>>> print(open('my_file-v2.cif').read())   # mmCIF, C-alpha atoms
data_final
#
loop_
_atom_site.label_atom_id
_atom_site.label_comp_id
_atom_site.auth_asym_id
_atom_site.auth_seq_id
_atom_site.Cartn_x
_atom_site.Cartn_y
_atom_site.Cartn_z
CA MET H 760 132.15 38.11 87.62
CA LYS H 761 129.86 41.14 87.82
CA ARG H 762 127.16 39.00 89.45
CA LYS H 763 129.68 37.76 92.04
CA LYS H 764 130.58 41.34 92.98
CA TRP H 765 126.89 42.14 93.53
CA ILE H 766 126.50 39.12 95.80
CA VAL H 767 129.55 40.20 97.84
CA ALA H 768 128.20 43.75 98.13
CA ILE H 769 124.71 42.63 99.18
CA THR H 770 126.20 40.21 101.69
CA ALA H 771 128.36 43.01 103.14
CA ILE H 772 125.34 45.28 103.49
CA PHE H 773 123.42 42.46 105.14
CA PHE H 774 126.17 41.92 107.69
CA PHE H 775 126.50 45.68 108.28
CA ILE H 776 122.80 46.02 108.99
CA GLY H 777 122.94 42.90 111.13
CA SER H 778 125.81 44.27 113.17
CA MET H 779 124.01 47.59 113.65
CA ALA H 780 120.95 45.77 114.94
CA GLY H 781 123.20 43.91 117.37
CA THR H 782 124.33 47.14 119.01
CA ALA H 783 121.02 48.95 118.98
CA ALA H 784 118.78 49.36 121.99
CA ALA H 785 117.02 46.12 122.85
CA VAL H 786 114.47 47.59 125.23
CA ASP H 787 110.99 48.85 124.44
CA GLU H 788 111.10 51.38 127.26
CA ILE H 789 113.85 52.92 129.35
CA ARG H 790 113.04 52.71 133.02
CA ILE H 791 114.52 55.37 135.29
CA GLY H 792 114.03 55.28 139.03
CA THR H 793 114.29 58.38 141.16
CA ILE H 794 114.76 58.34 144.91
CA GLY H 795 114.79 61.08 147.52
CA PRO H 796 112.70 62.72 150.23
CA ILE H 797 109.41 63.90 148.71
CA THR H 798 107.69 64.30 152.08
CA GLY H 799 108.91 65.39 155.52
CA TRP H 800 111.44 67.95 156.68
CA ALA H 801 113.73 67.48 153.67
CA THR H 802 111.10 67.68 150.94
CA ILE H 803 112.84 70.56 149.15
CA PHE H 804 115.88 68.37 148.50
CA GLY H 805 114.02 65.42 147.00
CA GLN H 806 111.31 67.35 145.20
CA GLY H 807 113.78 69.89 143.83
CA CYS H 808 115.94 67.17 142.33
CA LEU H 809 112.90 65.40 140.89
CA ASN H 810 111.70 68.64 139.32
CA GLY H 811 115.06 69.06 137.61
CA ILE H 812 114.92 65.48 136.34
CA LYS H 813 111.47 65.98 134.86
CA LEU H 814 112.41 69.27 133.21
CA ALA H 815 115.41 67.67 131.51
CA LEU H 816 113.32 64.71 130.36
CA ASP H 817 110.82 67.14 128.87
CA GLU H 818 113.66 68.57 126.79
CA TYR H 819 114.10 65.09 125.31
CA ASN H 820 110.32 64.64 124.91
CA ASN H 821 110.58 61.83 127.45
CA GLU H 822 112.16 59.47 124.94
CA PHE H 823 115.53 58.36 123.68
CA ASN H 824 115.78 57.63 119.94
CA GLY H 825 112.06 56.94 119.87
CA ILE H 826 112.14 54.67 122.95
CA PRO H 827 109.79 56.00 125.64
CA ILE H 828 111.21 56.77 129.06
CA ARG H 829 109.22 55.73 132.11
CA VAL H 830 110.00 57.26 135.49
CA PHE H 831 109.43 55.46 138.80
CA SER H 832 109.64 57.90 141.73
CA GLU H 833 110.12 56.74 145.29
CA ASP H 834 109.92 58.77 148.51
CA THR H 835 112.54 58.06 151.17
CA LYS H 836 110.91 60.35 153.74
CA ALA H 837 114.55 61.15 154.62
CA ASP H 838 114.70 57.75 156.34
CA VAL H 839 117.56 55.46 155.38
CA GLU H 840 115.66 52.26 156.19
CA VAL H 841 112.79 53.38 153.99
CA MET H 842 115.28 54.24 151.27
CA ARG H 843 116.85 50.77 151.28
CA THR H 844 113.43 49.17 150.84
CA LYS H 845 112.58 51.57 148.02
CA LEU H 846 115.87 50.93 146.27
CA ASP H 847 115.12 47.20 146.40
CA SER H 848 111.67 47.89 144.94
CA LEU H 849 113.10 49.95 142.10
CA LYS H 850 115.51 47.14 141.28
CA ASN H 851 113.33 44.06 141.77
CA ARG H 852 109.79 45.24 141.16
CA ASP H 853 110.26 48.05 138.63
CA LYS H 854 113.42 46.64 137.03
CA VAL H 855 114.84 50.10 136.40
CA HIS H 856 117.85 50.57 134.17
CA LEU H 857 119.13 53.55 136.15
CA ILE H 858 118.50 55.22 139.50
CA ILE H 859 118.93 58.96 140.05
CA GLY H 860 119.27 60.02 143.68
CA PRO H 861 119.29 60.25 146.60
CA SER H 862 119.52 63.85 147.79
CA LEU H 863 120.54 63.83 151.46
CA GLY H 864 123.91 63.18 153.04
CA HIS H 865 123.03 60.18 155.21
CA GLU H 866 120.99 58.74 152.35
CA GLY H 867 123.99 58.99 150.02
CA MET H 868 126.22 57.05 152.38
CA ALA H 869 123.63 54.30 152.68
CA ALA H 870 123.02 54.35 148.93
CA VAL H 871 126.67 53.73 148.15
CA ASP H 872 126.58 50.67 150.44
CA TRP H 873 123.47 49.47 148.61
CA GLY H 874 125.22 50.14 145.31
CA ALA H 875 128.17 47.99 146.37
CA ARG H 876 125.76 45.11 147.03
CA ASN H 877 123.87 45.73 143.79
CA PRO H 878 126.60 46.46 141.24
CA GLN H 879 124.31 45.81 138.27
CA VAL H 880 122.20 48.90 138.93
CA PRO H 881 123.79 52.16 137.77
CA MET H 882 123.16 55.02 140.15
CA LEU H 883 123.68 58.71 139.52
CA ILE H 884 123.75 60.49 142.85
CA GLY H 885 121.30 63.38 143.14
CA TYR H 886 122.01 66.23 145.55
CA SER H 887 123.63 64.04 148.20
CA ALA H 888 127.14 65.32 148.86
CA PRO H 889 129.22 63.24 151.34
CA GLU H 890 132.67 62.96 149.86
CA ASP H 891 133.10 59.30 150.74
CA ILE H 892 130.46 58.34 148.18
CA THR H 893 133.22 58.80 145.63
CA MET H 894 136.24 58.55 147.90
CA ARG H 895 136.77 55.98 150.65
CA LYS H 896 133.59 54.04 149.85
CA ALA H 897 133.64 54.50 146.09
CA THR H 898 132.05 51.71 144.12
CA ASN H 899 131.90 51.23 140.38
CA SER H 900 128.16 51.54 139.82
CA VAL H 901 127.64 54.70 141.90
CA ILE H 902 128.59 57.82 140.03
CA ARG H 903 128.47 61.44 141.11
CA PRO H 904 127.25 63.92 138.54
CA GLY H 905 127.54 66.69 141.07
CA TRP H 906 129.48 67.86 144.06
CA THR H 907 130.75 67.07 147.53
CA GLY H 908 129.91 69.04 150.64
CA ALA H 909 133.52 69.89 151.37
CA GLN H 910 134.38 70.66 147.75
CA VAL H 911 132.31 73.81 147.58
CA ILE H 912 133.39 75.19 150.92
CA PHE H 913 137.18 74.65 151.13
CA ASN H 914 137.71 78.02 149.49
CA PHE H 915 135.02 79.69 151.57
CA GLY H 916 137.12 78.97 154.65
CA GLN H 917 140.05 80.51 152.84
CA TYR H 918 137.92 83.52 151.90
CA CYS H 919 136.72 84.09 155.47
CA ALA H 920 140.28 83.96 156.79
CA LYS H 921 142.00 85.95 154.09
CA GLU H 922 139.42 88.33 152.65
CA LEU H 923 137.13 88.87 155.64
CA GLY H 924 139.98 88.62 158.13
CA TYR H 925 138.21 86.43 160.66
CA LYS H 926 140.23 84.45 163.19
CA LYS H 927 137.62 82.59 165.20
CA ILE H 928 134.35 81.19 163.90
CA ILE H 929 131.45 79.29 165.46
CA ILE H 930 129.64 76.75 163.31
CA VAL H 931 126.08 75.86 164.32
CA GLY H 932 124.55 73.01 162.36
CA GLN H 933 122.41 69.94 162.06
CA ASP H 934 124.03 66.83 163.47
CA TYR H 935 124.45 64.55 160.45
CA SER H 936 126.97 63.75 157.75
CA TYR H 937 126.36 66.57 155.27
CA PRO H 938 126.89 69.43 157.75
CA TRP H 939 129.90 67.53 159.13
CA ASP H 940 131.41 67.54 155.64
CA GLN H 941 130.67 71.21 155.19
CA ALA H 942 132.24 72.00 158.55
CA ALA H 943 135.31 69.90 157.74
CA GLY H 944 135.89 71.58 154.39
CA PHE H 945 135.46 75.00 155.94
CA ILE H 946 137.81 74.20 158.82
CA ARG H 947 140.53 73.04 156.45
CA GLY H 948 140.31 76.17 154.33
CA PHE H 949 140.01 78.47 157.33
CA LEU H 950 142.77 77.10 159.55
CA GLU H 951 145.21 76.54 156.69
CA ASN H 952 144.88 80.18 155.65
CA GLY H 953 145.30 82.04 158.90
CA GLY H 954 142.21 81.17 160.94
CA GLU H 955 142.84 80.18 164.54
CA LYS H 956 139.81 78.37 165.83
CA VAL H 957 136.47 76.89 164.81
CA GLU H 958 133.98 75.81 167.45
CA ARG H 959 131.25 73.39 166.30
CA ILE H 960 127.81 73.32 167.93
CA TRP H 961 125.55 70.53 166.70
CA HIS H 962 121.81 70.34 167.21
CA PRO H 963 119.22 67.64 166.41
CA VAL H 964 118.30 67.56 162.72
CA GLU H 965 114.69 68.69 163.21
CA ALA H 966 115.30 71.21 166.02
CA VAL H 967 113.52 74.56 165.67
CA ASP H 968 114.03 75.98 169.15
CA PHE H 969 117.49 77.50 169.31
CA SER H 970 117.03 79.59 172.44
CA SER H 971 119.75 77.79 174.43
CA ILE H 972 122.13 78.00 171.47
CA MET H 973 121.37 81.70 170.99
CA ALA H 974 122.17 82.36 174.64
CA LYS H 975 125.43 80.47 174.23
CA LEU H 976 126.32 82.42 171.09
CA MET H 977 125.69 85.67 172.91
CA GLY H 978 128.11 84.62 175.61
CA MET H 979 130.75 83.66 173.04
CA SER H 980 130.50 86.88 171.07
CA ARG H 981 133.45 88.49 172.86
CA GLU H 982 135.81 85.78 171.69
CA TYR H 983 134.48 84.84 168.24
CA ASP H 984 134.29 86.93 165.08
CA ALA H 985 131.33 85.38 163.26
CA VAL H 986 128.81 82.53 163.18
CA LEU H 987 128.33 80.12 160.30
CA ASN H 988 124.88 78.57 160.08
CA ASN H 989 125.36 75.01 158.89
CA SER H 990 121.79 73.79 158.40
CA GLY H 991 119.19 73.47 155.68
CA GLY H 992 115.46 73.95 155.20
CA ALA H 993 113.16 74.91 158.06
CA GLN H 994 116.02 74.93 160.55
CA VAL H 995 117.66 77.81 158.69
CA VAL H 996 114.47 79.86 158.78
CA ALA H 997 114.04 79.28 162.52
CA PHE H 998 117.69 80.07 163.19
CA PHE H 999 117.62 83.35 161.28
CA LYS H 1000 114.39 84.42 163.00
CA GLN H 1001 115.73 83.70 166.48
CA TRP H 1002 119.09 85.24 165.61
CA LYS H 1003 117.36 88.60 165.33
CA GLN H 1004 114.97 88.03 168.23
CA PHE H 1005 117.91 87.40 170.56
CA GLY H 1006 119.78 90.45 169.24
CA LEU H 1007 122.71 88.53 167.84
CA ASP H 1008 122.63 90.70 164.72
CA LYS H 1009 123.90 93.49 166.98
CA VAL H 1010 126.95 91.59 168.20
CA TYR H 1011 128.11 89.67 165.12
CA PRO H 1012 128.76 91.30 161.72
CA GLN H 1013 126.56 88.84 159.80
CA ILE H 1014 125.67 85.18 159.56
CA LEU H 1015 127.84 83.13 157.28
CA GLY H 1016 125.96 80.36 155.55
CA GLN H 1017 126.82 76.87 154.45
CA ALA H 1018 125.94 76.00 150.87
CA ASN H 1019 122.23 75.38 151.44
CA VAL H 1020 121.48 78.58 153.34
CA PRO H 1021 120.93 81.16 150.57
CA ILE H 1022 119.71 78.81 147.82
CA VAL H 1023 116.74 80.03 145.81
CA SER H 1024 114.16 77.93 147.60
CA MET H 1025 115.17 79.58 150.87
CA LEU H 1026 115.13 83.19 149.69
CA SER H 1027 111.44 83.92 150.05
CA GLU H 1028 111.42 82.11 153.41
CA LEU H 1029 114.31 84.08 154.85
CA GLY H 1030 113.29 87.52 153.64
CA ASP H 1031 115.46 90.50 154.43
CA SER H 1032 117.08 88.73 157.38
CA ALA H 1033 119.47 87.04 154.98
CA LEU H 1034 120.64 90.14 153.16
CA GLY H 1035 124.40 90.28 153.18
CA VAL H 1036 124.93 86.61 153.99
CA TYR H 1037 128.10 85.12 152.57
CA SER H 1038 128.03 81.56 151.35
CA SER H 1039 129.61 79.41 148.67
CA LEU H 1040 128.38 77.01 146.05
CA HIS H 1041 129.09 75.80 142.53
CA TYR H 1042 125.87 77.35 141.23
CA TYR H 1043 124.42 80.78 141.73
CA ASP H 1044 121.05 81.86 140.47
CA GLY H 1045 122.34 85.28 139.43
CA ASN H 1046 124.61 83.76 136.79
CA PRO H 1047 123.87 85.94 133.76
CA SER H 1048 124.73 83.29 131.17
CA GLN H 1049 122.12 82.71 128.51
CA ALA H 1050 122.00 79.00 129.35
CA ASN H 1051 121.24 79.73 133.00
CA GLN H 1052 118.60 82.30 132.15
CA MET H 1053 116.90 79.83 129.78
CA PHE H 1054 117.07 77.09 132.40
CA ARG H 1055 115.55 79.38 135.00
CA GLU H 1056 112.73 80.60 132.79
CA ASN H 1057 111.87 77.11 131.51
CA PHE H 1058 111.81 75.84 135.06
CA LYS H 1059 109.60 78.68 136.20
CA LYS H 1060 107.23 78.10 133.30
CA LYS H 1061 106.84 74.46 134.32
CA TYR H 1062 106.73 74.82 138.10
CA GLY H 1063 105.77 78.43 138.80
CA HIS H 1064 108.96 79.28 140.66
CA TYR H 1065 112.66 79.59 139.95
CA PRO H 1066 115.02 76.63 140.34
CA ASP H 1067 117.95 76.29 142.68
CA VAL H 1068 121.04 74.13 142.74
CA ILE H 1069 119.05 71.11 143.90
CA ALA H 1070 117.09 71.12 140.66
CA VAL H 1071 120.31 71.64 138.73
CA GLN H 1072 121.66 68.34 140.07
CA GLY H 1073 118.64 66.39 138.85
CA TYR H 1074 118.69 68.24 135.57
CA ASP H 1075 122.38 67.53 135.00
CA ALA H 1076 122.04 63.86 135.97
CA VAL H 1077 119.56 63.33 133.14
CA HIS H 1078 121.89 64.98 130.65
CA VAL H 1079 124.72 62.74 131.87
CA ALA H 1080 122.47 59.71 131.39
CA PHE H 1081 121.57 60.76 127.85
CA LYS H 1082 125.19 61.28 126.88
CA ALA H 1083 125.97 57.79 128.14
CA MET H 1084 122.96 56.27 126.39
CA LYS H 1085 124.02 57.91 123.17
CA ALA H 1086 127.51 56.44 123.52
CA ILE H 1087 126.12 52.91 123.86
CA ASN H 1088 123.29 53.35 121.38
CA GLY H 1089 120.66 52.95 124.07
CA GLN H 1090 121.78 49.54 125.35
CA VAL H 1091 120.67 50.28 128.89
CA ASP H 1092 119.87 46.62 129.46
CA ASN H 1093 123.62 46.00 129.50
CA PRO H 1094 124.55 47.46 132.91
CA GLU H 1095 128.30 46.91 132.54
CA LYS H 1096 128.28 48.85 129.31
CA PHE H 1097 125.94 51.51 130.68
CA ILE H 1098 128.03 52.04 133.82
CA ALA H 1099 131.25 52.22 131.83
CA ALA H 1100 129.67 54.83 129.55
CA LEU H 1101 128.32 56.85 132.48
CA ARG H 1102 131.76 56.97 134.05
CA LYS H 1103 133.24 58.37 130.87
CA VAL H 1104 130.78 61.23 130.42
CA GLN H 1105 132.21 64.71 130.40
CA LEU H 1106 129.44 67.24 130.81
CA VAL H 1107 129.82 70.96 130.90
CA SER H 1108 126.70 72.00 132.69
CA PRO H 1109 125.13 75.07 131.13
CA ASN H 1110 124.12 76.23 134.57
CA LEU H 1111 127.28 75.91 136.55
CA HIS H 1112 129.42 78.24 134.51
CA GLY H 1113 131.92 75.70 133.36
CA ALA H 1114 131.49 73.00 135.97
CA ARG H 1115 132.25 69.53 134.80
CA PHE H 1116 130.81 66.21 135.73
CA ILE H 1117 132.74 64.42 138.44
CA SER H 1118 133.49 60.78 137.89
CA ILE H 1119 134.66 58.41 140.59
CA HIS H 1120 138.35 58.82 141.30
CA SER H 1121 138.88 60.83 138.19
CA PRO H 1122 137.36 64.06 139.29
CA THR H 1123 137.16 66.88 136.92
CA ARG H 1124 136.73 70.24 138.42
CA TYR H 1125 134.32 72.96 139.33
CA ARG H 1126 134.44 76.66 139.42
CA ILE H 1127 133.25 77.55 142.86
CA SER H 1128 131.56 80.85 143.33
CA THR H 1129 132.80 81.13 146.83
CA SER H 1130 130.98 83.79 148.73
CA ASN H 1131 127.73 84.30 146.96
CA LYS H 1132 126.69 87.42 148.71
CA TRP H 1133 122.98 87.68 148.61
CA LEU H 1134 122.43 91.30 147.86
CA LYS H 1135 118.91 91.49 146.64
CA ARG H 1136 115.89 89.51 147.59
CA THR H 1137 113.78 88.10 144.80
CA ALA H 1138 110.40 86.48 144.78
CA GLY H 1139 112.32 83.23 145.08
CA MET W 942 119.21 86.83 144.16
CA ASN W 943 122.77 85.64 144.71
CA ILE W 944 125.70 87.24 143.00
CA ALA W 945 129.26 85.96 142.84
CA VAL W 946 131.73 88.15 144.67
CA LYS W 947 134.69 85.87 144.07
CA THR W 948 135.16 82.79 141.92
CA TYR W 949 137.65 79.99 142.52
CA THR W 950 138.24 77.85 139.48
CA ASN W 951 139.23 74.23 138.98
CA VAL W 952 138.20 72.94 142.37
CA SER W 953 138.14 69.15 142.41
CA GLN W 954 136.34 66.99 144.94
CA PHE W 955 139.69 66.90 146.73
CA GLY W 956 139.87 70.68 146.77
CA PRO W 957 143.40 71.94 147.40
CA TYR W 958 144.57 68.36 147.95
CA ALA W 959 143.92 67.22 144.40
CA ASP W 960 147.58 66.34 143.85
CA MET W 961 147.68 64.23 147.01
CA ALA W 962 144.32 62.53 146.88
CA GLU W 963 145.62 59.26 148.31
CA LYS W 964 147.02 61.04 151.36
CA TYR W 965 143.72 62.85 151.80
CA MET W 966 141.80 59.58 151.74
CA ALA W 967 144.28 58.00 154.14
CA ALA W 968 143.24 60.53 156.78
CA PRO W 969 140.18 59.67 158.88
CA ALA W 970 136.79 60.34 157.35
CA THR W 971 134.95 63.44 158.45
CA THR W 972 132.96 63.16 161.65
CA ARG W 973 131.12 65.64 163.87
CA SER W 974 134.45 66.42 165.55
CA TYR W 975 137.01 65.64 162.85
CA PRO W 976 139.15 67.36 161.76
CA PRO W 977 140.16 69.28 164.91
CA GLY W 978 138.93 72.84 165.13
CA ASP W 979 141.88 74.55 166.74
CA ARG W 980 144.90 75.51 164.70
CA ALA W 981 147.60 73.75 166.74
CA SER W 982 145.81 70.41 166.90
CA TYR W 983 144.76 70.68 163.28
CA PHE W 984 148.31 71.32 162.07
CA ARG W 985 149.64 68.39 164.10
CA GLU W 986 146.99 66.24 162.46
CA ILE W 987 147.70 67.25 158.87
CA GLU W 988 151.41 66.87 159.42
CA THR W 989 150.72 63.20 160.15
CA TYR W 990 148.89 62.68 156.87
CA PHE W 991 150.16 65.34 154.49
CA GLY W 992 153.74 65.53 155.77
CA LYS W 993 156.00 68.11 157.37
CA ASP W 994 156.79 69.72 154.00
CA TYR W 995 153.14 70.54 153.44
CA VAL W 996 152.83 72.26 156.82
CA GLU W 997 156.07 74.18 156.32
CA LYS W 998 154.85 75.34 152.94
CA LEU W 999 151.60 76.60 154.48
CA ASN W 1000 153.52 78.50 157.14
CA ARG W 1001 155.94 79.93 154.60
CA ASN W 1002 153.18 81.12 152.24
CA GLY W 1003 150.68 82.15 154.88
CA GLY W 1004 148.19 79.67 153.41
CA TRP W 1005 147.32 78.31 150.02
CA VAL W 1006 148.82 79.91 146.97
CA ASP W 1007 146.02 80.79 144.54
#
>>> encode(input="my_file-v2.cif", output="structure tokens")
Amino acid sequence: MKRKKWIVAITAIFFFIGSMAGTAAAVDEIRIGTIGPITGWATIFGQGCLNGIKLALDEYNNEFNGIPIRVFSEDTKADVEVMRTKLDSLKNRDKVHLIIGPSLGHEGMAAVDWGARNPQVPMLIGYSAPEDITMRKATNSVIRPGWTGAQVIFNFGQYCAKELGYKKIIIVGQDYSYPWDQAAGFIRGFLENGGEKVERIWHPVEAVDFSSIMAKLMGMSREYDAVLNNSGGAQVVAFFKQWKQFGLDKVYPQILGQANVPIVSMLSELGDSALGVYSSLHYYDGNPSQANQMFRENFKKKYGHYPDVIAVQGYDAVHVAFKAMKAINGQVDNPEKFIAALRKVQLVSPNLHGARFISIHSPTRYRISTSNKWLKRTAG
Amino acid sequence: MNIAVKTYTNVSQFGPYADMAEKYMAAPATTRSYPPGDRASYFREIETYFGKDYVEKLNRNGGWVD
């Protein structure tokens, strides 16, 4: 009788161990693809996200439960056709288990179409923010661990109407989907809270000569209260420089900025010309929380400069991926399981003062620091 | 360095329309000229998608209620 009990116990242990092995990771390396512009006019968006990804992976010693993580990075050059080819390469050549990216608006819209055609490849969107990625075009495998362009600016429109008392605003921005989203969110918040009119002036994405626009803004200064610069990168620097050259700082109270205007990577470029700019975003570098300060210092130690929100998105995406991998015991070779786990992740980012991970059609919410007034220039 | 001068909490990807997400998505997607930029046209537009009650509430409250 005693011997029989031992046999039953040993058999049970055998089956337990066997069942554990059945759910454990079956891969000898976890392959993560990253995609975004690493060269060209939008380099800061792709490289910033990639830097955040690498910093987060460092925190995990580039492994998950002893399984090494291999990163395959692809450069889109901000070109959607290039991106599609690179996404195919990540899937077919590199056989990645997960893709993080892309980081530009038009790239995100193309990526969600690619995701719909390739539903077995989980994708965590990087800094790309068009709302239709997770709204009208939402697809199961494409998950947003971040933000939408309109989301962070709805309340800025409200703020400009109610707190700053503006009635008429001019928006000048790059002519592509991300600035359109920012403009739309602002318009909704502004007009629904007492604003009367928003005029949009679009310019080519890579334009740096704004002389004709500056002349137009000068002529409109009698009717409009303020100007919102709705661009990113080098275009912002050129706009701010010409703003002063044309004397527009004398006729408008200040430039309002869309989300990407006063981000950290722009501060040293803009110099004192951006002092007093109002903008809005779900992350601000001055957040005094210990987690943010640690993130900033660790980032600076690795890269020699402070991070901005772009890096935060890459950083958070990796933490989302790890939470999901933990939930499925590292079975990243089972995309259905991996995607389901990714969609369930709830992440409170240490950097976004309480922001939570957004999942498709079940969005949790952000705190938006609407109106980050840049008061003091740093070394950026 | 940026500092926060005002913080809005619990903002979803649908912003102030979180409790009517389906209506929000039924409206046209954002374009370079959508939604309209003048108040009268804009309010006519949102009345189509969000309903007359929503517009009346905005007018009554002078905007969103925080």
>>> atom_distance(input="my_file-v2.cif", atom1="atom CA of H:Gly864", atom2="atom CA of H:Pro889")
5.6 Å
>>> atom_distance(input="my_file-v2.cif", atom1="atom CA of H:Gly867", atom2="atom CA of H:Ala888")
7.2 Å
>>> resolve_selection(input="my_file-v2.cif", expression="the PyMOL selection byres ((chain W and resi 977-991) around 7)", output="number ranges by chain")
H: 946, 950, 955-958; W: 964, 968, 974-976, 992-993, 995-996
>>> closest_atom_pairs(input="my_file-v2.cif", of="chain W", to="chain H", cutoff="9 Å", atoms="all atoms listed in the file", output="JSON lines")
{"residue": "W:Met942", "atom": "CA", "partner": "H:Lys1135", "partner_atom": "CA", "distance": 5.3}
{"residue": "W:Asn943", "atom": "CA", "partner": "H:Trp1133", "partner_atom": "CA", "distance": 4.4}
{"residue": "W:Ile944", "atom": "CA", "partner": "H:Gly1045", "partner_atom": "CA", "distance": 5.3}
{"residue": "W:Ala945", "atom": "CA", "partner": "H:Asn1131", "partner_atom": "CA", "distance": 4.7}
{"residue": "W:Val946", "atom": "CA", "partner": "H:Ser1130", "partner_atom": "CA", "distance": 6.0}
{"residue": "W:Lys947", "atom": "CA", "partner": "H:Thr1129", "partner_atom": "CA", "distance": 5.8}
{"residue": "W:Thr948", "atom": "CA", "partner": "H:Ser1128", "partner_atom": "CA", "distance": 4.3}
{"residue": "W:Tyr949", "atom": "CA", "partner": "H:Ile1127", "partner_atom": "CA", "distance": 5.0}
{"residue": "W:Thr950", "atom": "CA", "partner": "H:Arg1126", "partner_atom": "CA", "distance": 4.0}
{"residue": "W:Asn951", "atom": "CA", "partner": "H:Arg1124", "partner_atom": "CA", "distance": 4.7}
{"residue": "W:Val952", "atom": "CA", "partner": "H:Tyr1125", "partner_atom": "CA", "distance": 4.9}
{"residue": "W:Ser953", "atom": "CA", "partner": "H:Arg1124", "partner_atom": "CA", "distance": 4.4}
{"residue": "W:Gln954", "atom": "CA", "partner": "H:Gln910", "partner_atom": "CA", "distance": 5.0}
{"residue": "W:Phe955", "atom": "CA", "partner": "H:Gln910", "partner_atom": "CA", "distance": 6.6}
{"residue": "W:Gly956", "atom": "CA", "partner": "H:Gln910", "partner_atom": "CA", "distance": 5.6}
{"residue": "W:Pro957", "atom": "CA", "partner": "H:Phe913", "partner_atom": "CA", "distance": 7.7}
{"residue": "W:Ala959", "atom": "CA", "partner": "H:Pro1122", "partner_atom": "CA", "distance": 8.9}
{"residue": "W:Ala962", "atom": "CA", "partner": "H:His1120", "partner_atom": "CA", "distance": 9.0}
{"residue": "W:Met966", "atom": "CA", "partner": "H:Arg895", "partner_atom": "CA", "distance": 6.3}
{"residue": "W:Ala967", "atom": "CA", "partner": "H:Arg895", "partner_atom": "CA", "distance": 8.5}
{"residue": "W:Ala970", "atom": "CA", "partner": "H:Asp891", "partner_atom": "CA", "distance": 7.6}
{"residue": "W:Thr971", "atom": "CA", "partner": "H:Asp940", "partner_atom": "CA", "distance": 6.1}
{"residue": "W:Thr972", "atom": "CA", "partner": "H:Trp939", "partner_atom": "CA", "distance": 5.9}
{"residue": "W:Arg973", "atom": "CA", "partner": "H:Trp939", "partner_atom": "CA", "distance": 5.2}
{"residue": "W:Ser974", "atom": "CA", "partner": "H:Arg959", "partner_atom": "CA", "distance": 7.7}
{"residue": "W:Tyr975", "atom": "CA", "partner": "H:Ala943", "partner_atom": "CA", "distance": 6.9}
{"residue": "W:Pro976", "atom": "CA", "partner": "H:Ala943", "partner_atom": "CA", "distance": 6.1}
{"residue": "W:Pro977", "atom": "CA", "partner": "H:Ile946", "partner_atom": "CA", "distance": 8.2}
{"residue": "W:Gly978", "atom": "CA", "partner": "H:Val957", "partner_atom": "CA", "distance": 4.7}
{"residue": "W:Asp979", "atom": "CA", "partner": "H:Lys956", "partner_atom": "CA", "distance": 4.4}
{"residue": "W:Arg980", "atom": "CA", "partner": "H:Glu955", "partner_atom": "CA", "distance": 5.1}
{"residue": "W:Ala981", "atom": "CA", "partner": "H:Glu955", "partner_atom": "CA", "distance": 8.3}
{"residue": "W:Tyr983", "atom": "CA", "partner": "H:Leu950", "partner_atom": "CA", "distance": 7.7}
{"residue": "W:Phe984", "atom": "CA", "partner": "H:Glu951", "partner_atom": "CA", "distance": 8.1}
{"residue": "W:Val996", "atom": "CA", "partner": "H:Glu951", "partner_atom": "CA", "distance": 8.7}
{"residue": "W:Leu999", "atom": "CA", "partner": "H:Glu951", "partner_atom": "CA", "distance": 6.8}
{"residue": "W:Asn1000", "atom": "CA", "partner": "H:Glu951", "partner_atom": "CA", "distance": 8.5}
{"residue": "W:Gly1003", "atom": "CA", "partner": "H:Asn952", "partner_atom": "CA", "distance": 6.2}
{"residue": "W:Gly1004", "atom": "CA", "partner": "H:Asn952", "partner_atom": "CA", "distance": 4.0}
{"residue": "W:Trp1005", "atom": "CA", "partner": "H:Asn952", "partner_atom": "CA", "distance": 6.4}
>>> resolve_selection(input="my_file-v2.cif", expression="the PyMOL selection byres ((chain H and resi 1060-1072) around 9)", output="ChimeraX atom specification")
/H:803-812,814,862,884-886,904-906,1019,1022-1024,1040-1044,1054-1059,1073-1077,1108,1110-1111,1138-1139
>>> atom_distance(input="my_file-v2.cif", atom1="atom CA of H:Asp787", atom2="atom CA of H:Ser848")
20.5 Å
>>> residues_near_point(input="my_file-v2.cif", point="(119.6, 85.9, 176.4)", cutoff="12 Å", atoms="only C-alpha atoms", output="PyMOL selection string")
chain H and resi 969-979+1001-1007
>>> axis_aligned_box(input="my_file-v2.cif", around="stretch 1075-1081 of chain H", padding_each_side="6 Å", output="lines of an AutoDock Vina configuration file")
center_x = 122.1
center_y = 63.6
center_z = 131.9
size_x = 17.2
size_y = 19.8
size_z = 20.1
>>> closest_residue(input="my_file-v2.cif", among="H:Asp968, H:Val1020, H:Lys854, H:Arg829", to="H:Asp817", atoms="all atoms listed in the file")
H:Arg829
